[in-house]
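Asker: My structure is in input-v1.pdb, and what it holds is PDB, C-alpha atoms:
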ATOM      1  CA  MET M   1      17.406  56.091  12.096
ATOM      2  CA  LYS M   2      15.660  52.991  13.140
ATOM      3  CA  GLN M   3      17.771  49.827  13.600
ATOM      4  CA  ILE M   4      16.368  46.376  12.705
ATOM      5  CA  GLU M   5      17.095  43.821  15.432
ATOM      6  CA  GLY M   6      15.421  40.647  14.026
ATOM      7  CA  GLY M   7      16.897  37.969  11.768
ATOM      8  CA  PHE M   8      20.000  35.817  11.668
ATOM      9  CA  THR M   9      23.619  36.810  11.453
ATOM     10  CA  LEU M  10      25.880  35.618   8.667
ATOM     11  CA  VAL M  11      27.783  33.374  11.105
ATOM     12  CA  GLU M  12      24.563  31.644  12.218
ATOM     13  CA  LEU M  13      23.555  30.971   8.603
ATOM     14  CA  ILE M  14      26.979  29.510   7.779
ATOM     15  CA  ILE M  15      26.821  27.202  10.826
ATOM     16  CA  VAL M  16      23.337  25.941   9.849
ATOM     17  CA  ALA M  17      24.458  25.403   6.237
ATOM     18  CA  GLY M  18      27.495  23.448   7.485
ATOM     19  CA  ILE M  19      25.323  21.197   9.648
ATOM     20  CA  MET M  20      23.006  20.549   6.698
ATOM     21  CA  VAL M  21      25.973  19.617   4.486
ATOM     22  CA  VAL M  22      27.247  17.128   7.089
ATOM     23  CA  LEU M  23      23.805  15.508   7.462
ATOM     24  CA  LEU M  24      23.318  15.307   3.695
ATOM     25  CA  THR M  25      26.752  13.715   3.272
ATOM     26  CA  LEU M  26      25.900  11.056   5.858
ATOM     27  CA  ALA M  27      22.569  10.320   4.162
ATOM     28  CA  ILE M  28      24.158   9.999   0.709
ATOM     29  CA  ALA M  29      26.930   7.771   2.058
ATOM     30  CA  ASN M  30      24.321   5.359   3.487
ATOM     31  CA  PHE M  31      22.107   5.343   0.363
ATOM     32  CA  PRO M  32      23.618   2.255  -1.365
ATOM     33  CA  HIS M  33      23.251   0.180   1.817
ATOM     34  CA  ALA M  34      19.661   1.327   2.319
ATOM     35  CA  ARG M  35      18.804   0.608  -1.321
ATOM     36  CA  GLY M  36      20.366  -2.877  -1.089
ATOM     37  CA  SER M  37      18.493  -3.599   2.126
ATOM     38  CA  VAL M  38      15.187  -2.591   0.518
ATOM     39  CA  ALA M  39      15.917  -4.819  -2.497
ATOM     40  CA  LEU M  40      16.721  -7.750  -0.192
ATOM     41  CA  ASN M  41      13.515  -7.224   1.801
ATOM     42  CA  ARG M  42      11.490  -7.109  -1.411
ATOM     43  CA  ALA M  43      13.122 -10.280  -2.781
ATOM     44  CA  ALA M  44      12.486 -12.177   0.486
ATOM     45  CA  GLN M  45       8.847 -11.055   0.494
ATOM     46  CA  GLU M  46       8.502 -12.198  -3.137
ATOM     47  CA  VAL M  47       9.847 -15.671  -2.240
ATOM     48  CA  ALA M  48       7.341 -15.858   0.638
ATOM     49  CA  LEU M  49       4.611 -14.791  -1.789
ATOM     50  CA  GLY M  50       5.777 -17.488  -4.233
ATOM     51  CA  ILE M  51       5.223 -20.102  -1.530
ATOM     52  CA  ARG M  52       1.715 -18.687  -0.998
ATOM     53  CA  ASP M  53       1.096 -18.699  -4.780
ATOM     54  CA  ALA M  54       1.926 -22.414  -4.945
ATOM     55  CA  GLU M  55      -0.491 -23.000  -2.076
ATOM     56  CA  ALA M  56      -3.197 -20.963  -3.822
ATOM     57  CA  GLY M  57      -2.667 -22.981  -6.999
ATOM     58  CA  ALA M  58      -3.275 -26.208  -5.081
ATOM     59  CA  LEU M  59      -6.466 -24.833  -3.553
ATOM     60  CA  SER M  60      -7.866 -23.462  -6.808
ATOM     61  CA  VAL M  61     -10.359 -25.343  -8.908
ATOM     62  CA  ALA M  62      -8.799 -24.480 -12.256
ATOM     63  CA  LYS M  63      -7.851 -27.413 -14.443
ATOM     64  CA  ASP M  64      -4.291 -27.890 -15.567
ATOM     65  CA  THR M  65      -4.206 -26.990 -19.268
ATOM     66  CA  VAL M  66      -1.843 -29.882 -20.089
ATOM     67  CA  THR M  67      -3.464 -32.825 -18.265
ATOM     68  CA  GLY M  68      -7.005 -31.595 -17.618
ATOM     69  CA  THR M  69      -6.640 -32.587 -13.945
ATOM     70  CA  PHE M  70      -6.357 -30.654 -10.682
ATOM     71  CA  PRO M  71      -2.739 -31.237  -9.641
ATOM     72  CA  GLY M  72      -0.915 -30.185  -6.521
ATOM     73  CA  TYR M  73       1.371 -27.204  -6.910
ATOM     74  CA  GLY M  74       4.814 -26.587  -5.534
ATOM     75  CA  ILE M  75       7.804 -24.314  -5.409
ATOM     76  CA  TYR M  76      11.315 -25.538  -6.150
ATOM     77  CA  PHE M  77      14.645 -24.206  -4.859
ATOM     78  CA  ASN M  78      18.082 -25.482  -5.890
ATOM     79  CA  ILE M  79      21.279 -24.266  -4.217
ATOM     80  CA  ASN M  80      23.165 -24.896  -7.488
ATOM     81  CA  ASN M  81      20.914 -22.311  -9.150
ATOM     82  CA  PRO M  82      20.927 -19.656  -6.399
ATOM     83  CA  LEU M  83      19.524 -16.859  -8.550
ATOM     84  CA  SER M  84      16.078 -18.295  -9.253
ATOM     85  CA  TYR M  85      13.186 -20.472  -8.078
ATOM     86  CA  ILE M  86      10.303 -22.188  -9.874
ATOM     87  CA  ILE M  87       6.584 -22.731  -9.266
ATOM     88  CA  PHE M  88       5.456 -26.043 -10.761
ATOM     89  CA  ALA M  89       2.348 -28.197 -11.179
ATOM     90  CA  ASP M  90       2.883 -31.686  -9.742
ATOM     91  CA  ARG M  91       1.161 -33.376 -12.689
ATOM     92  CA  ASP M  92       2.382 -36.905 -11.932
ATOM     93  CA  GLU M  93       1.772 -36.513  -8.164
ATOM     94  CA  ASP M  94       5.275 -37.646  -7.173
ATOM     95  CA  LYS M  95       5.718 -34.558  -4.952
ATOM     96  CA  ARG M  96       8.793 -33.377  -6.872
ATOM     97  CA  ARG M  97       9.514 -31.063  -9.781
ATOM     98  CA  LYS M  98      10.593 -32.846 -12.947
ATOM     99  CA  SER M  99      14.171 -32.045 -13.964
ATOM    100  CA  ASP M 100      13.102 -31.746 -17.623
ATOM    101  CA  ALA M 101      11.007 -28.669 -16.677
ATOM    102  CA  SER M 102       7.834 -30.258 -18.078
ATOM    103  CA  GLU M 103       5.884 -29.338 -14.935
ATOM    104  CA  ASP M 104       7.177 -25.764 -14.651
ATOM    105  CA  GLN M 105       4.565 -23.012 -14.485
ATOM    106  CA  LEU M 106       6.559 -19.888 -13.581
ATOM    107  CA  SER M 107      10.255 -19.194 -13.168
ATOM    108  CA  PHE M 108      11.413 -16.263 -11.040
ATOM    109  CA  THR M 109      14.825 -14.615 -11.131
ATOM    110  CA  LEU M 110      16.111 -12.830  -8.044
ATOM    111  CA  PRO M 111      17.280  -9.209  -8.367
ATOM    112  CA  VAL M 112      20.940  -8.382  -9.030
ATOM    113  CA  PHE M 113      23.295  -9.091  -6.084
ATOM    114  CA  ILE M 114      20.696 -11.242  -4.276
ATOM    115  CA  GLN M 115      21.075 -14.994  -4.104
ATOM    116  CA  ILE M 116      19.973 -18.042  -2.156
ATOM    117  CA  ILE M 117      22.881 -19.150   0.018
ATOM    118  CA  ARG M 118      21.373 -21.996   2.068
ATOM    119  CA  LEU M 119      18.385 -24.336   2.107
ATOM    120  CA  GLN M 120      17.783 -25.592   5.627
ATOM    121  CA  ASN M 121      15.761 -28.652   6.595
ATOM    122  CA  ALA M 122      13.688 -29.047   9.765
ATOM    123  CA  SER M 123      16.573 -30.559  11.740
ATOM    124  CA  GLY M 124      18.887 -27.637  10.897
ATOM    125  CA  GLY M 125      20.940 -29.383   8.221
ATOM    126  CA  SER M 126      21.536 -28.109   4.702
ATOM    127  CA  GLU M 127      19.905 -29.411   1.535
ATOM    128  CA  ASN M 128      20.890 -28.998  -2.124
ATOM    129  CA  GLU M 129      17.272 -28.666  -3.205
ATOM    130  CA  LEU M 130      13.795 -28.322  -1.734
ATOM    131  CA  HIS M 131      10.533 -29.318  -3.381
ATOM    132  CA  ILE M 132       7.672 -27.777  -1.368
ATOM    133  CA  VAL M 133       4.397 -29.276  -2.573
ATOM    134  CA  PHE M 134       0.822 -28.397  -1.627
ATOM    135  CA  LEU M 135      -1.746 -31.113  -2.323
ATOM    136  CA  ARG M 136      -5.494 -30.706  -2.623
ATOM    137  CA  PRO M 137      -7.835 -30.614  -0.762
ATOM    138  CA  ASP M 138      -6.082 -30.061   2.622
ATOM    139  CA  PRO M 139      -3.681 -28.551   1.363
ATOM    140  CA  ALA M 140      -1.235 -30.966   2.900
ATOM    141  CA  ILE M 141       2.323 -29.687   2.654
ATOM    142  CA  THR M 142       5.147 -32.042   1.854
ATOM    143  CA  VAL M 143       8.799 -31.098   1.588
ATOM    144  CA  TYR M 144      11.231 -33.276  -0.337
ATOM    145  CA  ASN M 145      14.891 -33.089  -1.227
ATOM    146  CA  SER M 146      16.134 -34.899  -4.338
ATOM    147  CA  SER M 147      15.421 -38.338  -2.887
ATOM    148  CA  SER M 148      13.155 -38.390   0.174
ATOM    149  CA  ASN M 149      10.416 -36.780   2.250
ATOM    150  CA  LEU M 150      11.995 -34.462   4.819
ATOM    151  CA  GLY M 151       9.113 -34.781   7.261
ATOM    152  CA  GLN M 152       7.345 -32.112   9.284
ATOM    153  CA  GLY M 153       8.655 -28.916  10.834
ATOM    154  CA  ASN M 154      10.243 -25.600  10.009
ATOM    155  CA  PHE M 155      12.220 -25.177   6.775
ATOM    156  CA  GLN M 156      14.209 -22.123   5.708
ATOM    157  CA  VAL M 157      15.505 -20.415   2.583
ATOM    158  CA  HIS M 158      18.486 -18.177   3.433
ATOM    159  CA  MET M 159      19.088 -15.230   1.112
ATOM    160  CA  GLN M 160      21.938 -12.720   0.986
ATOM    161  CA  HIS M 161      22.763  -9.450  -0.762
ATOM    162  CA  SER M 162      26.346  -9.913  -1.967
ATOM    163  CA  ALA M 163      27.111  -6.162  -2.079
ATOM    164  CA  LEU M 164      26.194  -5.677   1.591
ATOM    165  CA  SER M 165      28.069  -6.845   4.654
ATOM    166  CA  GLY M 166      27.318  -7.133   8.326
ATOM    167  CA  ALA M 167      23.917  -6.609   9.877
ATOM    168  CA  GLY M 168      21.103  -6.377   7.364
ATOM    169  CA  SER M 169      22.860  -8.280   4.570
ATOM    170  CA  SER M 170      20.681 -11.408   4.798
ATOM    171  CA  ARG M 171      17.070 -12.520   5.177
ATOM    172  CA  ILE M 172      15.509 -15.886   5.948
ATOM    173  CA  VAL M 173      12.211 -17.038   4.490
ATOM    174  CA  SER M 174      10.908 -19.502   7.062
ATOM    175  CA  PHE M 175       7.970 -21.821   6.436
ATOM    176  CA  TRP M 176       6.336 -24.538   8.474
ATOM    177  CA  THR M 177       4.598 -27.610   7.144
ATOM    178  CA  THR M 178       1.526 -26.344   9.037
ATOM    179  CA  GLY M 179       1.306 -23.448   6.548
ATOM    180  CA  GLN M 180       2.898 -20.455   8.283
ATOM    181  CA  VAL M 181       5.331 -18.379   6.202
ATOM    182  CA  SER M 182       7.439 -15.495   7.509
ATOM    183  CA  VAL M 183      10.469 -13.383   6.639
ATOM    184  CA  ILE M 184      13.111 -13.119   9.352
ATOM    185  CA  HIS M 185      15.694 -10.345   9.620
ATOM    186  CA  PRO M 186      18.628 -12.014  11.433
TER     187      PRO M 186
END
Give the structure from the file, written as structure tokens.

Answerer:
Amino acid sequence: MKQIEGGFTLVELIIVAGIMVVLLTLAIANFPHARGSVALNRAAQEVALGIRDAEAGALSVAKDTVTGTFPGYGIYFNINNPLSYIIFADRDEDKRRKSDASEDQLSFTLPVFIQIIRLQNASGGSENELHIVFLRPDPAITVYNSSSNLGQGNFQVHMQHSALSGAGSSRIVSFWTTGQVSVIHP
């Protein structure tokens, strides 16, 4: 009789199956962290896009449907409302969003577990709110807190995923009054 010498033994197949089980277990154990990290990245990119949308609104030639003018547009962040941000039309040209929401265009809610944890001014200090306004035709960028112009420089919106810890649990949306916007992974 002829003996077949090719193939795998039962022991080799069991060892390979065991290795696959270990690798699959590690991948499944890391899935919630990976999913949270992806959600945080997406939320930070959406905030950066919101800043760009406000800029695009200021550069557009569409009339405001309420006033019939071409207002500046801005984006508003408030640390006391860490789950959302607002794009507004600066109809009265005071470079701030009205607290009565009469200038609001769009309101965005951050995904579950993601929140704004800090608003940083150009000198590194914290602010309770930021009004980032783009004015036509430059578009000149002005950044205000509740009472005054914060000047020129780099401003930051710090975001965090509350279900994650350690490395990868936060993102920073950084913007300069010269127009650059980026997402930083600290």

Asker: Put the listed atoms of range 62-81 of chain M in a box along x, y and z with 6 Å added on every side and give me the centre and edge lengths in Å to one decimal, as lines of an AutoDock Vina configuration file.

Answerer:
center_x = 7.2
center_y = -27.6
center_z = -12.2
size_x = 44.0
size_y = 22.5
size_z = 27.9

Asker: Please determine, counting all atoms listed in the file, which residue among M:Ser162, M:Ser169, M:Thr9, M:Thr178 has the shortest atom-to-atom distance to Val143 in chain M.

Answerer: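 Ranking M:Ser162, M:Ser169, M:Thr9, M:Thr178 by distance to Val143 in chain M, first place goes to M:Thr178.
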
Asker: Just want the 9 Å neighbourhood of Lys95 in chain M, counted on only C-alpha atoms, with same-chain residues fewer than 5 positions away dropped. Output as a PDB file with C-alpha atoms, in the frame of the given file.

Answerer:
ATOM      1  CA  GLY M  72      -0.915 -30.185  -6.521  1.00  0.00           C
ATOM      2  CA  TYR M  73       1.371 -27.204  -6.910  1.00  0.00           C
ATOM      3  CA  GLY M  74       4.814 -26.587  -5.534  1.00  0.00           C
ATOM      4  CA  ASP M  90       2.883 -31.686  -9.742  1.00  0.00           C
ATOM      5  CA  HIS M 131      10.533 -29.318  -3.381  1.00  0.00           C
ATOM      6  CA  ILE M 132       7.672 -27.777  -1.368  1.00  0.00           C
ATOM      7  CA  VAL M 133       4.397 -29.276  -2.573  1.00  0.00           C
ATOM      8  CA  PHE M 134       0.822 -28.397  -1.627  1.00  0.00           C
ATOM      9  CA  LEU M 135      -1.746 -31.113  -2.323  1.00  0.00           C
ATOM     10  CA  THR M 142       5.147 -32.042   1.854  1.00  0.00           C
ATOM     11  CA  VAL M 143       8.799 -31.098   1.588  1.00  0.00           C
ATOM     12  CA  TYR M 144      11.231 -33.276  -0.337  1.00  0.00           C
ATOM     13  CA  ASN M 149      10.416 -36.780   2.250  1.00  0.00           C
TER      14      ASN M 149
END

Asker: So which residues touch Gly153 in chain M within 9 Å, counting all atoms listed in the file, skipping near sequence neighbours fewer than 3 positions away, as a PyMOL selection string?

Answerer: chain M and resi 121-123+150+175-178

Asker: Could you tell me which residues the PyMOL selection byres ((chain M and resi 77-89) around 6) returns for this structure, as number ranges by chain?

Answerer: M: 73-76, 90-91, 103-110, 115-116, 128-130

Asker: Pick out the closest residue to Gln180 in chain M from this set: M:Leu59, M:Ala48, M:Arg96, M:Met20. Count all atoms listed in the file.

Answerer: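 Residue with the minimum atom-to-atom distance to Gln180 in chain M: M:Ala48.
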
Asker: Please enumerate the residues selected by the PyMOL selection byres ((chain M and resi 156) around 9) when evaluated against the supplied file, formatted as a VMD selection string.

Answerer: chain M and resid 118 to 122 124 154 to 155 157 to 158 172 to 176

Asker: For CA of Glu55 in chain M and CA of Ser37 in chain M, quote the distance in Å rounded to one decimal.

Answerer: 27.5 Å

Asker: Would you give me, as a tab-separated table, each residue of range 3-108 of chain M having an atom within 12 Å of an atom of range 181-185 of chain M, along with its shortest atom pair and that distance in Å to one decimal, using all atoms listed in the file and sorting by chain and residue number?

Answerer:
residue	atom	partner	partner_atom	distance
M:Ser37	CA	M:His185	CA	10.5
M:Val38	CA	M:His185	CA	12.0
M:Leu40	CA	M:His185	CA	10.2
M:Asn41	CA	M:Val183	CA	8.4
M:Arg42	CA	M:Val183	CA	10.3
M:Ala43	CA	M:Val183	CA	10.3
M:Ala44	CA	M:Val183	CA	6.6
M:Gln45	CA	M:Val183	CA	6.8
M:Glu46	CA	M:Val183	CA	10.0
M:Val47	CA	M:Val183	CA	9.2
M:Ala48	CA	M:Val181	CA	6.4
M:Leu49	CA	M:Val181	CA	8.8
M:Gly50	CA	M:Val181	CA	10.5
M:Ile51	CA	M:Val181	CA	7.9
M:Arg52	CA	M:Val181	CA	8.1
M:Asp53	CA	M:Val181	CA	11.8
M:Glu55	CA	M:Val181	CA	11.1

Asker: For C-alpha atoms, I'd like the residues from the last selection saved as a short mmCIF file (atom, residue, chain, number, x, y, z; two decimals), in the coordinates of the input.

Answerer:
data_model
loop_
_atom_site.label_atom_id
_atom_site.label_comp_id
_atom_site.auth_asym_id
_atom_site.auth_seq_id
_atom_site.Cartn_x
_atom_site.Cartn_y
_atom_site.Cartn_z
CA SER M 37 18.49 -3.60 2.13
CA VAL M 38 15.19 -2.59 0.52
CA LEU M 40 16.72 -7.75 -0.19
CA ASN M 41 13.52 -7.22 1.80
CA ARG M 42 11.49 -7.11 -1.41
CA ALA M 43 13.12 -10.28 -2.78
CA ALA M 44 12.49 -12.18 0.49
CA GLN M 45 8.85 -11.06 0.49
CA GLU M 46 8.50 -12.20 -3.14
CA VAL M 47 9.85 -15.67 -2.24
CA ALA M 48 7.34 -15.86 0.64
CA LEU M 49 4.61 -14.79 -1.79
CA GLY M 50 5.78 -17.49 -4.23
CA ILE M 51 5.22 -20.10 -1.53
CA ARG M 52 1.72 -18.69 -1.00
CA ASP M 53 1.10 -18.70 -4.78
CA GLU M 55 -0.49 -23.00 -2.08
#

Asker: One decimal, Å: what's the distance from CA of Glu93 in chain M over to CA of Gly151 in chain M, could you say?

Answerer: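 So the two atoms, CA of Glu93 in chain M and CA of Gly151 in chain M, lie 17.2 Å apart.
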
Asker: Can you list, as a VMD selection string, every protein, DNA or RNA residue that comes within 12 Å of Ala167 in chain M when you count all atoms listed in the file, leaving out same-chain residues fewer than 5 positions away?

Answerer: chain M and resid 33 to 34 37 160 to 161 185 to 186

Asker: If you measure from CA of Ala58 in chain M to CA of Ser147 in chain M, what distance in Å do you get, rounded to one decimal?

Answerer: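 Interatomic distance, CA of Ala58 in chain M to CA of Ser147 in chain M: 22.4 Å.
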
Asker: Give the answer as one residue: which of M:Ser170, M:Ser102, M:Val21, M:Phe113 has the shortest atom-to-atom distance to Thr67 in chain M, using all atoms listed in the file?

Answerer: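 Closest to Thr67 in chain M of all the choices is M:Ser102.
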
Asker: Can you sort out range 98-113 of chain M so it carries N, CA and C atoms, written as a short mmCIF file (atom, residue, chain, number, x, y, z; two decimals), in the coordinates of the input?

Answerer:
data_model
loop_
_atom_site.label_atom_id
_atom_site.label_comp_id
_atom_site.auth_asym_id
_atom_site.auth_seq_id
_atom_site.Cartn_x
_atom_site.Cartn_y
_atom_site.Cartn_z
N LYS M 98 9.87 -32.06 -11.94
CA LYS M 98 10.59 -32.85 -12.95
C LYS M 98 11.81 -32.06 -13.43
N SER M 99 12.94 -32.72 -13.54
CA SER M 99 14.17 -32.04 -13.96
C SER M 99 14.12 -31.59 -15.42
N ASP M 100 13.21 -32.17 -16.22
CA ASP M 100 13.10 -31.75 -17.62
C ASP M 100 12.24 -30.50 -17.79
N ALA M 101 11.79 -29.91 -16.70
CA ALA M 101 11.01 -28.67 -16.68
C ALA M 101 9.61 -28.83 -17.28
N SER M 102 9.15 -30.05 -17.47
CA SER M 102 7.83 -30.26 -18.08
C SER M 102 6.68 -29.86 -17.16
N GLU M 103 6.94 -29.73 -15.87
CA GLU M 103 5.88 -29.34 -14.94
C GLU M 103 5.96 -27.86 -14.55
N ASP M 104 6.96 -27.16 -15.05
CA ASP M 104 7.18 -25.76 -14.65
C ASP M 104 6.03 -24.87 -15.10
N GLN M 105 5.60 -24.00 -14.19
CA GLN M 105 4.57 -23.01 -14.48
C GLN M 105 5.17 -21.61 -14.62
N LEU M 106 5.94 -21.21 -13.61
CA LEU M 106 6.56 -19.89 -13.58
C LEU M 106 7.98 -20.01 -13.05
N SER M 107 8.88 -19.26 -13.65
CA SER M 107 10.26 -19.19 -13.17
C SER M 107 10.53 -17.76 -12.74
N PHE M 108 11.12 -17.59 -11.58
CA PHE M 108 11.41 -16.26 -11.04
C PHE M 108 12.91 -16.10 -10.89
N THR M 109 13.41 -14.94 -11.28
CA THR M 109 14.82 -14.62 -11.13
C THR M 109 14.95 -13.56 -10.04
N LEU M 110 15.87 -13.78 -9.12
CA LEU M 110 16.11 -12.83 -8.04
C LEU M 110 16.80 -11.59 -8.58
N PRO M 111 16.62 -10.44 -7.92
CA PRO M 111 17.28 -9.21 -8.37
C PRO M 111 18.81 -9.33 -8.30
N VAL M 112 19.48 -8.42 -8.99
CA VAL M 112 20.94 -8.38 -9.03
C VAL M 112 21.50 -8.30 -7.61
N PHE M 113 22.57 -9.02 -7.35
CA PHE M 113 23.30 -9.09 -6.08
C PHE M 113 22.60 -9.94 -5.02
#
